[in-house]
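Printed here is protein29.csv (CSV, C-alpha atoms):
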chain,number,residue,atom,x,y,z
A,1,MET,CA,0.0,0.0,0.0
A,2,LYS,CA,2.8,2.4,0.8
A,3,ILE,CA,4.6,1.4,-2.4
A,4,MET,CA,1.4,2.3,-4.4
A,5,ASN,CA,1.0,5.6,-2.6
A,6,LEU,CA,4.6,6.5,-3.4
A,7,ALA,CA,4.1,5.6,-7.1
A,8,VAL,CA,1.0,7.8,-7.2
A,9,LYS,CA,2.8,10.7,-5.7
A,10,GLN,CA,5.7,10.3,-8.1
A,11,PHE,CA,3.3,10.2,-11.1
A,12,LEU,CA,1.4,13.3,-9.9
A,13,SER,CA,4.7,15.1,-9.4
A,14,TYR,CA,5.8,14.2,-12.9
A,15,LYS,CA,2.6,15.4,-14.4
A,16,LEU,CA,2.8,18.7,-12.6
A,17,SER,CA,6.4,19.2,-13.6
A,18,SER,CA,5.5,18.5,-17.2
A,19,ARG,CA,2.7,21.0,-17.1
A,20,ARG,CA,5.0,23.6,-15.7
A,21,SER,CA,7.6,22.9,-18.4
A,22,GLY,CA,4.9,23.3,-21.1
A,23,VAL,CA,3.8,26.6,-19.7
A,24,ILE,CA,7.4,27.9,-19.5
A,25,MET,CA,8.0,26.8,-23.2
A,26,ILE,CA,4.8,28.7,-24.3
A,27,ILE,CA,5.7,31.8,-22.4
A,28,SER,CA,9.3,31.7,-23.7
A,29,PHE,CA,8.0,31.3,-27.3
A,30,LEU,CA,5.7,34.3,-26.9
A,31,ILE,CA,8.5,36.4,-25.5
A,32,ILE,CA,10.8,35.5,-28.3
A,33,THR,CA,8.1,36.2,-30.9
A,34,GLY,CA,7.3,39.6,-29.4
A,35,ALA,CA,11.0,40.5,-29.3
A,36,PHE,CA,11.4,39.4,-33.0
A,37,ILE,CA,8.4,41.5,-34.1
A,38,ILE,CA,9.8,44.6,-32.2
A,39,ALA,CA,13.2,44.1,-33.7
A,40,LEU,CA,11.7,43.8,-37.2
A,41,SER,CA,9.7,46.9,-36.7
A,42,ILE,CA,12.7,48.9,-35.6
A,43,ALA,CA,14.8,47.6,-38.5
A,44,THR,CA,12.0,48.6,-40.9
A,45,LEU,CA,11.9,52.2,-39.5
A,46,VAL,CA,15.7,52.4,-39.7
A,47,MET,CA,15.6,51.4,-43.4
A,48,ILE,CA,12.9,53.9,-44.1
A,49,ALA,CA,15.0,56.6,-42.4
A,50,ILE,CA,18.1,55.6,-44.4
A,51,ASN,CA,16.2,55.8,-47.7
A,52,ILE,CA,14.8,59.2,-46.8
A,53,SER,CA,18.2,60.5,-45.9
A,54,ARG,CA,19.6,59.2,-49.2
A,55,THR,CA,16.9,60.9,-51.3
A,56,GLN,CA,16.7,64.1,-49.4
A,57,GLY,CA,19.5,65.7,-51.3
A,58,ASP,CA,18.0,64.6,-54.7
A,59,SER,CA,14.6,65.9,-53.5
A,60,VAL,CA,16.1,69.4,-52.9
A,61,ARG,CA,17.9,69.4,-56.2
A,62,ALA,CA,14.7,68.3,-58.0
A,63,TYR,CA,12.8,71.1,-56.4
A,64,PHE,CA,15.3,73.7,-57.5
A,65,ALA,CA,15.4,72.2,-61.0
A,66,ALA,CA,11.6,72.7,-61.1
A,67,ASP,CA,12.1,76.2,-59.9
A,68,SER,CA,14.6,76.8,-62.7
A,69,GLY,CA,11.9,75.8,-65.2
A,70,ILE,CA,9.5,78.3,-63.6
A,71,GLU,CA,12.1,81.1,-63.8
A,72,ARG,CA,12.8,80.3,-67.4
A,73,ALA,CA,9.1,80.5,-68.3
A,74,LEU,CA,8.7,83.8,-66.4
A,75,ALA,CA,11.8,85.2,-68.0
A,76,PHE,CA,10.5,84.5,-71.5
A,77,ASP,CA,7.0,85.7,-70.7
A,78,LYS,CA,8.3,89.0,-69.4
A,79,SER,CA,10.8,89.5,-72.2
A,80,PRO,CA,10.1,92.0,-75.1
A,81,GLU,CA,10.8,89.3,-77.6
A,82,GLY,CA,7.6,87.4,-76.9
A,83,THR,CA,5.1,86.0,-74.4
A,84,ILE,CA,3.5,82.6,-73.6
A,85,ASP,CA,0.2,82.2,-75.6
A,86,HIS,CA,-2.3,79.4,-75.7
A,87,GLN,CA,-4.8,80.1,-78.4
A,88,ASN,CA,-3.5,82.1,-81.4
A,89,CYS,CA,-1.8,79.2,-83.2
A,90,GLY,CA,-1.5,79.6,-86.9
A,91,PRO,CA,0.9,80.2,-89.8
A,92,GLY,CA,3.3,83.2,-89.9
A,93,GLU,CA,5.9,84.6,-87.6
A,94,LYS,CA,4.6,84.9,-84.1
A,95,GLN,CA,6.3,86.6,-81.1
A,96,TYR,CA,5.1,84.1,-78.6
A,97,LEU,CA,5.2,80.4,-77.6
A,98,CYS,CA,1.9,78.9,-78.7
A,99,CYS,CA,0.4,76.3,-76.4
A,100,ASP,CA,-3.2,75.2,-77.2
A,101,GLU,CA,-3.2,71.5,-76.3
A,102,LEU,CA,-3.4,70.5,-72.6
A,103,GLY,CA,-0.3,68.5,-71.6
A,104,GLU,CA,2.0,69.9,-74.2
A,105,CYS,CA,5.6,70.6,-73.2
A,106,LEU,CA,6.8,74.1,-73.4
A,107,PHE,CA,10.5,74.2,-74.3
A,108,PHE,CA,13.3,76.6,-75.1
A,109,ASP,CA,16.0,76.4,-77.8
A,110,GLN,CA,15.9,72.7,-78.3
A,111,VAL,CA,16.4,70.4,-81.3
A,112,ILE,CA,13.2,68.3,-81.4
A,113,GLN,CA,13.4,64.6,-82.1
A,114,SER,CA,12.9,63.9,-85.9
A,115,HIS,CA,13.0,67.7,-86.5
A,116,ALA,CA,16.7,68.2,-86.6
A,117,GLU,CA,16.5,70.1,-89.9
A,118,ASP,CA,14.6,72.8,-88.1
A,119,GLY,CA,17.5,73.5,-85.7
A,120,ALA,CA,17.1,74.8,-82.2
A,121,VAL,CA,13.6,76.2,-81.7
A,122,SER,CA,11.3,77.2,-78.9
A,123,GLY,CA,7.6,76.4,-78.6
A,124,CYS,CA,5.1,73.8,-77.5
A,125,PHE,CA,5.3,70.2,-78.6
A,126,ASP,CA,4.1,66.7,-77.6
A,127,CYS,CA,6.1,65.8,-74.5
A,128,ALA,CA,7.0,62.5,-76.0
A,129,TYR,CA,9.2,64.3,-78.5
A,130,VAL,CA,10.7,66.9,-76.1
A,131,GLU,CA,13.9,66.2,-74.1
A,132,PRO,CA,13.8,67.5,-70.5
A,133,GLU,CA,16.1,70.5,-70.2
A,134,GLU,CA,19.3,70.2,-68.2
A,135,VAL,CA,19.9,72.6,-65.3
A,136,THR,CA,23.6,72.0,-65.3
A,137,GLN,CA,25.6,69.8,-67.5
A,138,ASP,CA,26.4,66.3,-66.1
A,139,GLY,CA,24.6,67.3,-62.9
A,140,GLY,CA,21.7,64.9,-63.3
A,141,GLN,CA,19.1,67.7,-62.8
A,142,VAL,CA,16.5,68.4,-65.5
A,143,TYR,CA,13.1,70.1,-65.8
A,144,LYS,CA,10.2,70.1,-68.2
A,145,ILE,CA,7.4,72.6,-68.3
A,146,ILE,CA,3.9,71.4,-69.1
A,147,TYR,CA,1.0,73.6,-70.3
A,148,ARG,CA,-2.0,73.0,-68.0
A,149,GLY,CA,-4.6,75.3,-69.6
A,150,VAL,CA,-6.3,78.6,-68.9
A,151,SER,CA,-9.1,79.9,-66.7
A,152,SER,CA,-12.6,80.3,-68.2
A,153,ASP,CA,-12.1,84.1,-68.8
A,154,ASN,CA,-8.6,83.6,-70.3
A,155,SER,CA,-7.1,85.8,-67.5
A,156,GLN,CA,-4.9,83.1,-66.0
A,157,LEU,CA,-2.4,80.8,-67.7
A,158,ASN,CA,-1.4,77.7,-65.8
A,159,LEU,CA,1.9,75.9,-66.2
A,160,GLU,CA,3.6,73.1,-64.3
A,161,SER,CA,7.4,72.7,-64.0
A,162,ILE,CA,8.6,69.2,-63.1
A,163,GLY,CA,12.1,68.9,-61.8
A,164,SER,CA,14.0,65.6,-61.6
A,165,SER,CA,17.3,64.5,-60.0
A,166,HIS,CA,18.4,60.9,-60.3
A,167,GLY,CA,14.8,59.6,-60.4
A,168,VAL,CA,13.4,61.9,-57.6
A,169,LYS,CA,10.8,64.3,-58.9
A,170,ARG,CA,9.2,67.5,-57.6
A,171,ALA,CA,6.7,69.8,-59.2
A,172,ILE,CA,5.8,73.5,-59.0
A,173,ARG,CA,2.6,75.0,-60.4
A,174,LEU,CA,2.7,78.4,-61.9
A,175,THR,CA,-0.3,80.7,-62.6
A,176,ILE,CA,0.5,83.8,-64.8
A,177,ILE,CA,-1.9,86.7,-64.3
A,178,ARG,CA,-1.5,89.8,-66.5
A,179,THR,CA,-4.8,91.6,-66.0
A,180,SER,CA,-3.9,93.9,-63.1
A,181,GLY,CA,-3.6,97.5,-64.4
A,182,CYS,CA,-3.5,96.3,-68.0
A,183,VAL,CA,-5.5,98.0,-70.8
A,184,PRO,CA,-6.6,95.5,-73.5
A,185,GLN,CA,-5.8,96.5,-77.0
A,186,CYS,CA,-8.5,95.1,-79.4
A,187,GLN,CA,-8.6,97.7,-82.2
A,188,ASN,CA,-6.2,99.1,-84.8
A,189,GLU,CA,-5.2,102.7,-85.3
A,190,GLU,CA,-8.3,103.4,-87.3
A,191,GLY,CA,-10.5,102.1,-84.4
A,192,GLU,CA,-11.5,99.0,-86.3
A,193,PRO,CA,-12.1,96.2,-83.8
A,194,TYR,CA,-10.0,93.0,-84.0
A,195,GLN,CA,-11.8,89.8,-84.5
A,196,CYS,CA,-9.3,87.7,-82.6
A,197,GLY,CA,-5.8,87.7,-81.2
A,198,TYR,CA,-4.0,88.4,-78.0
A,199,ASN,CA,-5.2,91.6,-76.3
A,200,GLY,CA,-2.0,92.2,-74.3
A,201,CYS,CA,-3.6,91.5,-71.0
A,202,ASN,CA,-3.6,87.7,-70.9
A,203,GLY,CA,-6.9,87.6,-72.7
A,204,PHE,CA,-8.1,87.6,-76.3
A,205,CYS,CA,-10.1,89.9,-78.5
A,206,GLY,CA,-12.1,87.0,-79.8
A,207,GLN,CA,-11.9,83.4,-80.9
A,208,CYS,CA,-12.2,82.1,-84.4
A,209,GLY,CA,-14.7,79.5,-85.4
A,210,ASP,CA,-14.1,76.0,-86.6
A,211,ASN,CA,-12.0,75.6,-89.8
A,212,GLN,CA,-10.5,79.0,-89.1
A,213,HIS,CA,-7.4,80.4,-87.5
A,214,CYS,CA,-6.3,83.8,-86.3
A,215,ASP,CA,-4.0,85.7,-88.7
A,216,ASN,CA,-2.9,89.3,-87.7
A,217,HIS,CA,-6.0,89.7,-85.5
A,218,TYR,CA,-8.5,88.5,-88.1
A,219,CYS,CA,-10.1,85.2,-88.6
A,220,VAL,CA,-9.2,83.5,-91.9
A,221,ASP,CA,-10.4,80.2,-93.3
A,222,ASP,CA,-8.0,77.3,-93.1
A,223,GLU,CA,-6.6,76.2,-96.5
Here is the file; what I need is its structure written in the form of structure tokens.
Amino acid sequence: MKIMNLAVKQFLSYKLSSRRSGVIMIISFLIITGAFIIALSIATLVMIAINISRTQGDSVRAYFAADSGIERALAFDKSPEGTIDHQNCGPGEKQYLCCDELGECLFFDQVIQSHAEDGAVSGCFDCAYVEPEEVTQDGGQVYKIIYRGVSSDNSQLNLESIGSSHGVKRAIRLTIIRTSGCVPQCQNEEGEPYQCGYNGCNGFCGQCGDNQHCDNHYCVDDE
């Protein structure tokens, strides 16, 4: 009887010890798993911070590249040689850069792909055929200016300059307003009103109909 009681005690002691060992293993597993998750999270944050620090310099350079594009557009728009237009496209010599299609690239003194015979020209063209303009040679910074349209009353012209530096891009939006203190000119010296054309105040004297274009402030039929 004593031997049986001793065996029962030993068996119960073994079972209790086994349960304790199982609980300890589970707790240890949970602690290790939690520590691994925390370490992985910290490592992810560190990698993100490293990537941000690596691209911060290019981000700044891309921003100033975009700013260079804006300054170039403003310099041309304020120059006596011409202005940035959006509507009066047509044949003949024009003293402005003509943008009339949303999304066109506005460029300066470039040789356009497949138009090398024309030499270096300025104007608006499909962005697919316009090379981004370098800010500095071999610097890796470029910009391109995209025409974004005009307001409903033609008083505001919207452009966007996108700067890029080693794959990092930043953009600046530009709105050109030329109506403040400006007197529109929509008639000739004899007082005859113009049918169309730029009025000198970021607006237009009129708009030609379909199958017509503006030529010297008058609407003429397309040939």
Open item on the list: I'd like the contact shell of segment 203-209 of chain A - 6 Å cut-off, all atoms listed in the file, skipping same-chain residues fewer than 6 positions apart - returned as a ChimeraX atom specification.
Closed with: /A:154-155,186,195-197,219
Could you save the residues just selected, with C-alpha atoms, as a PDB file, in the coordinates of the input?
ATOM      1  CA  ASN A 154      -8.600  83.600 -70.300  1.00  0.00           C
ATOM      2  CA  SER A 155      -7.100  85.800 -67.500  1.00  0.00           C
ATOM      3  CA  CYS A 186      -8.500  95.100 -79.400  1.00  0.00           C
ATOM      4  CA  GLN A 195     -11.800  89.800 -84.500  1.00  0.00           C
ATOM      5  CA  CYS A 196      -9.300  87.700 -82.600  1.00  0.00           C
ATOM      6  CA  GLY A 197      -5.800  87.700 -81.200  1.00  0.00           C
ATOM      7  CA  CYS A 219     -10.100  85.200 -88.600  1.00  0.00           C
TER       8      CYS A 219
END
Open item on the list: Could you check the closest approach to Ile70 of chain A for each of A:Gly57, A:Gly191, A:Gly123, A:Gly163 and tell me which residue wins, using all atoms listed in the file?
Closed with: A:Gly163
- [ ] For Gly149 of chain A, please output as a count of residues only all residues within 12 Å (counting only C-alpha atoms; exclusion window: fewer than 6 positions along the same chain).
- [x] 22
Open item on the list: As an exercise, work out the distance from atom CA of Lys78 of chain A to atom CA of Cys124 of chain A in Å and give it to one decimal place.
Closed with: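 Separation between atom CA of Lys78 of chain A and atom CA of Cys124 of chain A: 17.5 Å.
You can rank A:Glu134, A:Gly200, A:Tyr194, A:Ser152 by their closest distance to Asn216 of chain A using all atoms listed in the file, and at the top of that list sits A:Tyr194.
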Task: Separation of atom CA of Ser165 of chain A from atom CA of Ala49 of chain A in Å - done: 19.4 Å
Open item on the list: Here is a test: counting all atoms listed in the file, which residue of A:Leu106, A:Val142, A:Ala66, A:Leu40 is nearest to Asp126 of chain A?
Closed with: A:Leu106
Task: Selection near Gly140 of chain A, 12 Å with all atoms listed in the file, sequence-local residues under 2 positions removed, as a list in words - done: Asp58, Arg61, Ala62, Ala65, Pro132, Glu133, Glu134, Val135, Thr136, Gln137, Asp138, Val142, Tyr143, Gly163, Ser164, Ser165, His166, Gly167, Val168 and Lys169 of chain A
Selection to disk with C-alpha atoms, as a short mmCIF file (atom, residue, chain, number, x, y, z; two decimals), keeping the file's coordinate frame:
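Okay, again.cif is ready:
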data_model
loop_
_atom_site.label_atom_id
_atom_site.label_comp_id
_atom_site.auth_asym_id
_atom_site.auth_seq_id
_atom_site.Cartn_x
_atom_site.Cartn_y
_atom_site.Cartn_z
CA ASP A 58 18.00 64.60 -54.70
CA ARG A 61 17.90 69.40 -56.20
CA ALA A 62 14.70 68.30 -58.00
CA ALA A 65 15.40 72.20 -61.00
CA PRO A 132 13.80 67.50 -70.50
CA GLU A 133 16.10 70.50 -70.20
CA GLU A 134 19.30 70.20 -68.20
CA VAL A 135 19.90 72.60 -65.30
CA THR A 136 23.60 72.00 -65.30
CA GLN A 137 25.60 69.80 -67.50
CA ASP A 138 26.40 66.30 -66.10
CA VAL A 142 16.50 68.40 -65.50
CA TYR A 143 13.10 70.10 -65.80
CA GLY A 163 12.10 68.90 -61.80
CA SER A 164 14.00 65.60 -61.60
CA SER A 165 17.30 64.50 -60.00
CA HIS A 166 18.40 60.90 -60.30
CA GLY A 167 14.80 59.60 -60.40
CA VAL A 168 13.40 61.90 -57.60
CA LYS A 169 10.80 64.30 -58.90
#
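Computed from the coordinates, the atom CA of Glu192 of chain A to atom CA of Val220 of chain A distance equals 16.6 Å.
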Serialized segment 106-118 of chain A w/ C-alpha atoms as an mmCIF file, in the first residue's frame:
data_model
loop_
_atom_site.group_PDB
_atom_site.id
_atom_site.type_symbol
_atom_site.label_atom_id
_atom_site.label_comp_id
_atom_site.auth_asym_id
_atom_site.auth_seq_id
_atom_site.Cartn_x
_atom_site.Cartn_y
_atom_site.Cartn_z
ATOM 1 C CA LEU A 106 6.816 74.129 -73.358
ATOM 2 C CA PHE A 107 10.516 74.174 -74.262
ATOM 3 C CA PHE A 108 13.283 76.618 -75.148
ATOM 4 C CA ASP A 109 16.022 76.433 -77.786
ATOM 5 C CA GLN A 110 15.915 72.696 -78.342
ATOM 6 C CA VAL A 111 16.383 70.366 -81.260
ATOM 7 C CA ILE A 112 13.216 68.269 -81.361
ATOM 8 C CA GLN A 113 13.438 64.573 -82.139
ATOM 9 C CA SER A 114 12.884 63.877 -85.857
ATOM 10 C CA HIS A 115 12.987 67.660 -86.519
ATOM 11 C CA ALA A 116 16.740 68.181 -86.566
ATOM 12 C CA GLU A 117 16.509 70.057 -89.879
ATOM 13 C CA ASP A 118 14.593 72.822 -88.096
#
